[in-house]
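Enquirer: Let me give you the structure first, and then I'll get to my questions.
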Amino acid sequence: MTLRGPPADRTPAERLSFGVVNLDKPPGPSSHQVSGWIRDAVADALETAGAEVSIDRAAHAGTLDPKVTGCLPVMLGDATRLAPVFLEGGKEYVAVLECHGPVPSDVESVVAEFEGPIYQKPPRKSAVSRRLRVREIYELDVLETTDRQVLLRMRCESGTYVRKLCHDLGLALGTGAHMGHLRRTATDPFDDRTLRTAHDLLDALAFWADEDDPELLCEVVDPAERTLEHVPSVTIAESAAREVAHGAQVYAPGVIAADDVDRGTLVACYTPDGAAVCLGRLVGDPDAEEGVVVELERVLV
């Protein structure tokens, strides 16, 4: 079978069928609706351009409520198989804490107490089971205060419920509080420095499909490998990659190089020219002469 070539050498159609957009989600639509609109727009552009490939799916990384804005990476085509990697990285938000009374003078010290592991139970409207769980708050800073509002910046573990955190902060402050405006500024490895709007994407698709000008498209849509920048890597031979494509595990003789990580760590495997091949867990010694090194979770070719 033919493996994907280097990310930088792919055609616009190949990029769209295995790519990612760091989307700036607007307020109003759900994350699912946004992904659906983007899927349909990309499929229409591929058809208009007469491309030999198409897509029938798109997936977003980390659901944002309809009113919430900000960083919502959307994976296109085969890149949807990369969704699990977003569970490995952190998230960053800027939120307005709406206090139900005057903000206490000790607000910064109270807020600082919430850094570290915290207990959370998902809200009743969530899509997951409502059992108590632990989530890590890596950083929690007060950026600004008014009489009854606190502007917060937080960096936290994936799966943290910011609305519940704001409720708990209100209890600790003694005023009661709820979450006001919320904006996600990062979801590893993406952040708000490279956000693109839906209009940016639609313009890029039109310039390419209607005018055969791919320049803007290559700026807006990243190769799917961009999603894996925060994931440890293993480089494997092309012969090993072809075996993986047919369901084989990654065996020691096929490993060329590997990051130094603990066993059980999620890793991404690449061909020598930088094309992603699979996701899996490191289970063996990359320097060994035999045995399984990476146990497959997702095949990407």
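Letters A, B, ... go to the chains of the structure tokens in the order shown; residues in each chain start at 1; ligands are counted from 1 in the same order.
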Region 144-223 of chain A: which residues are helix (DSSP H, G or I) by DSSP, as a ChimeraX atom specification?
Expert: /A:162-173,192-194,198-211,215-220
Enquirer: Those same residues, written as a PDB file, in the first residue's frame with C-alpha atoms?
Expert:
```
ATOM      1  CA  VAL A 162     -15.051  25.087  34.880  1.00  0.00           C
ATOM      2  CA  ARG A 163     -18.678  25.829  35.743  1.00  0.00           C
ATOM      3  CA  LYS A 164     -18.456  23.546  38.783  1.00  0.00           C
ATOM      4  CA  LEU A 165     -15.108  25.089  39.759  1.00  0.00           C
ATOM      5  CA  CYS A 166     -16.688  28.561  39.701  1.00  0.00           C
ATOM      6  CA  HIS A 167     -19.530  27.354  41.925  1.00  0.00           C
ATOM      7  CA  ASP A 168     -17.049  25.920  44.428  1.00  0.00           C
ATOM      8  CA  LEU A 169     -14.969  29.110  44.364  1.00  0.00           C
ATOM      9  CA  GLY A 170     -18.089  31.067  45.255  1.00  0.00           C
ATOM     10  CA  LEU A 171     -18.687  28.852  48.269  1.00  0.00           C
ATOM     11  CA  ALA A 172     -15.087  29.261  49.421  1.00  0.00           C
ATOM     12  CA  LEU A 173     -15.272  33.047  49.023  1.00  0.00           C
ATOM     13  CA  ASP A 192      -5.122  31.206  20.732  1.00  0.00           C
ATOM     14  CA  ARG A 193      -2.077  32.496  18.849  1.00  0.00           C
ATOM     15  CA  THR A 194      -3.027  30.494  15.744  1.00  0.00           C
ATOM     16  CA  ALA A 198     -14.999  29.636  10.217  1.00  0.00           C
ATOM     17  CA  HIS A 199     -14.966  32.521   7.710  1.00  0.00           C
ATOM     18  CA  ASP A 200     -11.199  32.072   7.281  1.00  0.00           C
ATOM     19  CA  LEU A 201     -11.761  28.426   6.403  1.00  0.00           C
ATOM     20  CA  LEU A 202     -14.633  29.126   3.998  1.00  0.00           C
ATOM     21  CA  ASP A 203     -12.545  31.762   2.197  1.00  0.00           C
ATOM     22  CA  ALA A 204      -9.602  29.354   1.967  1.00  0.00           C
ATOM     23  CA  LEU A 205     -11.789  26.599   0.547  1.00  0.00           C
ATOM     24  CA  ALA A 206     -13.292  28.954  -2.030  1.00  0.00           C
ATOM     25  CA  PHE A 207      -9.915  30.310  -3.192  1.00  0.00           C
ATOM     26  CA  TRP A 208      -8.683  26.754  -3.679  1.00  0.00           C
ATOM     27  CA  ALA A 209     -11.773  25.067  -5.153  1.00  0.00           C
ATOM     28  CA  ASP A 210     -12.912  27.955  -7.375  1.00  0.00           C
ATOM     29  CA  GLU A 211      -9.647  29.737  -8.227  1.00  0.00           C
ATOM     30  CA  GLU A 215      -1.997  29.458  -0.383  1.00  0.00           C
ATOM     31  CA  LEU A 216      -4.636  30.486   2.166  1.00  0.00           C
ATOM     32  CA  LEU A 217      -5.791  26.884   2.607  1.00  0.00           C
ATOM     33  CA  CYS A 218      -2.274  25.808   3.600  1.00  0.00           C
ATOM     34  CA  GLU A 219      -2.254  28.577   6.209  1.00  0.00           C
ATOM     35  CA  VAL A 220      -5.642  27.679   7.695  1.00  0.00           C
TER      36      VAL A 220
END
```
Enquirer: Can you pull out the residues contacting His181 (chain A)? Cut-off 9 Å, using only C-alpha atoms, and skip same-chain residues under 2 positions away; I want them as a PyMOL selection string.
Expert: chain A and resi 67-69+94-97+179+183
Enquirer: Any chance you could export the current selection's N, CA and C atoms as a compact mmCIF listing (two decimals), in the first residue's frame?
Expert:
```
# COMPACT_ATOMS: atom_id res chain seq x y z
N LYS A 67 -22.57 28.69 24.40
CA LYS A 67 -22.20 30.08 24.68
C LYS A 67 -20.69 30.29 24.80
N VAL A 68 -19.94 29.23 24.96
CA VAL A 68 -18.50 29.34 25.18
C VAL A 68 -17.77 29.52 23.86
N THR A 69 -16.72 30.34 23.87
CA THR A 69 -15.95 30.62 22.66
C THR A 69 -14.52 30.11 22.80
N VAL A 94 -9.97 31.43 30.14
CA VAL A 94 -10.17 32.71 30.82
C VAL A 94 -11.66 32.78 31.13
N ALA A 95 -11.98 33.01 32.40
CA ALA A 95 -13.38 32.98 32.83
C ALA A 95 -13.70 34.18 33.71
N VAL A 96 -14.95 34.60 33.63
CA VAL A 96 -15.45 35.63 34.53
C VAL A 96 -16.22 34.95 35.65
N LEU A 97 -15.78 35.14 36.89
CA LEU A 97 -16.47 34.63 38.06
C LEU A 97 -17.44 35.71 38.53
N MET A 179 -20.43 30.95 36.95
CA MET A 179 -19.57 31.26 35.82
C MET A 179 -20.26 32.21 34.87
N ARG A 183 -13.98 31.56 27.92
CA ARG A 183 -13.27 31.40 26.64
C ARG A 183 -12.11 30.46 26.83
```
Enquirer: Just asking: which residues within region 69-268 of chain A are strand (DSSP E or B) according to DSSP, as a VMD selection string?
Expert: chain A and resid 69 to 77 90 to 99 116 to 120 133 to 145 149 to 157 177 to 187 190 to 191 196 222 to 223 233 to 236 250 to 251 255 to 258 266 to 268
Enquirer: Give me, as number ranges by chain, all polymer residues having an atom no more than 8 Å from region 101-108 of chain A, counting only C-alpha atoms and skipping those fewer than 3 positions away in the same chain.
Expert: A: 111-112, 141-142, 145-150, 173, 175-176
Enquirer: Those residues with N, CA and C atoms, as a compact mmCIF listing (two decimals), in the first residue's frame please?
Expert:
```txt
# COMPACT_ATOMS: atom_id res chain seq x y z
N VAL A 111 -8.46 31.82 46.05
CA VAL A 111 -8.36 31.19 44.73
C VAL A 111 -7.12 30.30 44.65
N ALA A 112 -6.02 30.74 45.25
CA ALA A 112 -4.78 29.96 45.20
C ALA A 112 -4.92 28.59 45.85
N ASP A 141 -5.06 31.85 38.37
CA ASP A 141 -4.62 33.20 38.67
C ASP A 141 -5.77 34.19 38.59
N VAL A 142 -5.77 35.17 39.49
CA VAL A 142 -6.68 36.30 39.42
C VAL A 142 -6.03 37.37 38.56
N THR A 145 -10.15 42.29 39.17
CA THR A 145 -11.39 42.24 39.95
C THR A 145 -12.15 43.55 39.80
N THR A 146 -13.48 43.44 39.89
CA THR A 146 -14.35 44.61 40.04
C THR A 146 -15.15 44.37 41.31
N ASP A 147 -16.21 45.13 41.53
CA ASP A 147 -16.98 44.99 42.77
C ASP A 147 -17.50 43.58 42.97
N ARG A 148 -18.04 42.97 41.91
CA ARG A 148 -18.65 41.65 42.04
C ARG A 148 -18.17 40.66 40.97
N GLN A 149 -17.08 40.95 40.32
CA GLN A 149 -16.56 40.06 39.28
C GLN A 149 -15.07 39.80 39.50
N VAL A 150 -14.65 38.59 39.12
CA VAL A 150 -13.25 38.22 39.17
C VAL A 150 -12.89 37.60 37.82
N LEU A 173 -15.37 31.60 48.80
CA LEU A 173 -15.27 33.05 49.02
C LEU A 173 -16.35 33.56 49.98
N THR A 175 -19.42 34.23 49.15
CA THR A 175 -20.39 35.09 48.47
C THR A 175 -21.37 34.30 47.63
N GLY A 176 -20.99 33.07 47.27
CA GLY A 176 -21.70 32.36 46.22
C GLY A 176 -21.25 32.95 44.89
```
Enquirer: What's the 6 Å shell around region 16-21 of chain A, counting only C-alpha atoms, without same-chain residues fewer than 6 positions away, as an MDAnalysis selection string?
Expert: chainID A and resid 73:79 221:224
Enquirer: Given only C-alpha atoms as the basis, pick out the residue of A:Ala257, A:Leu140, A:Leu300, A:Leu228 nearest to Gly89 (chain A).
Expert: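 Closest to Gly89 (chain A) of all the choices is A:Leu228.
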Enquirer: Hey, can you check how far CA of Pro12 (chain A) sits from CA of Ile256 (chain A)?
Expert: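 Interatomic distance here is 29.7 Å.
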Enquirer: Within 7 Å of Arg263 (chain A), counting only C-alpha atoms, which residues show up once you throw out same-chain ones fewer than 3 positions away? Write them as an NGL selection string, please.
Expert: :A and (282-284)
Enquirer: As an exercise, work out the distance from CA of Ala240 (chain A) to CA of Asp56 (chain A) in Å and give it to one decimal place.
Expert: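 Straight-line distance from CA of Ala240 (chain A) to CA of Asp56 (chain A) works out to 28.6 Å.
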Enquirer: In Å to one decimal, how far is CA of Ala45 (chain A) from CA of Glu14 (chain A)?
Expert: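 Answer for the CA of Glu14 (chain A) to CA of Ala45 (chain A) separation: 12.6 Å.
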Enquirer: Using only C-alpha atoms, pick whichever of A:Asp287, A:Val34, A:Gly174, A:Tyr270 has the shortest atom-to-atom distance to His100 (chain A).
Expert: A:Gly174
Enquirer: Counting only C-alpha atoms, which residue out of A:Val53, A:Val277, A:Val110, A:Leu151 sits closest to Gly247 (chain A)?
Expert: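 Closest residue, counting only C-alpha atoms: A:Val277.
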Enquirer: Hey, which of A:Glu136, A:Glu225, A:Glu98, A:Glu289 ends up closest to Leu152 (chain A)? Count only C-alpha atoms.
Expert: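 Ranked by minimum distance to Leu152 (chain A), first place goes to A:Glu98.
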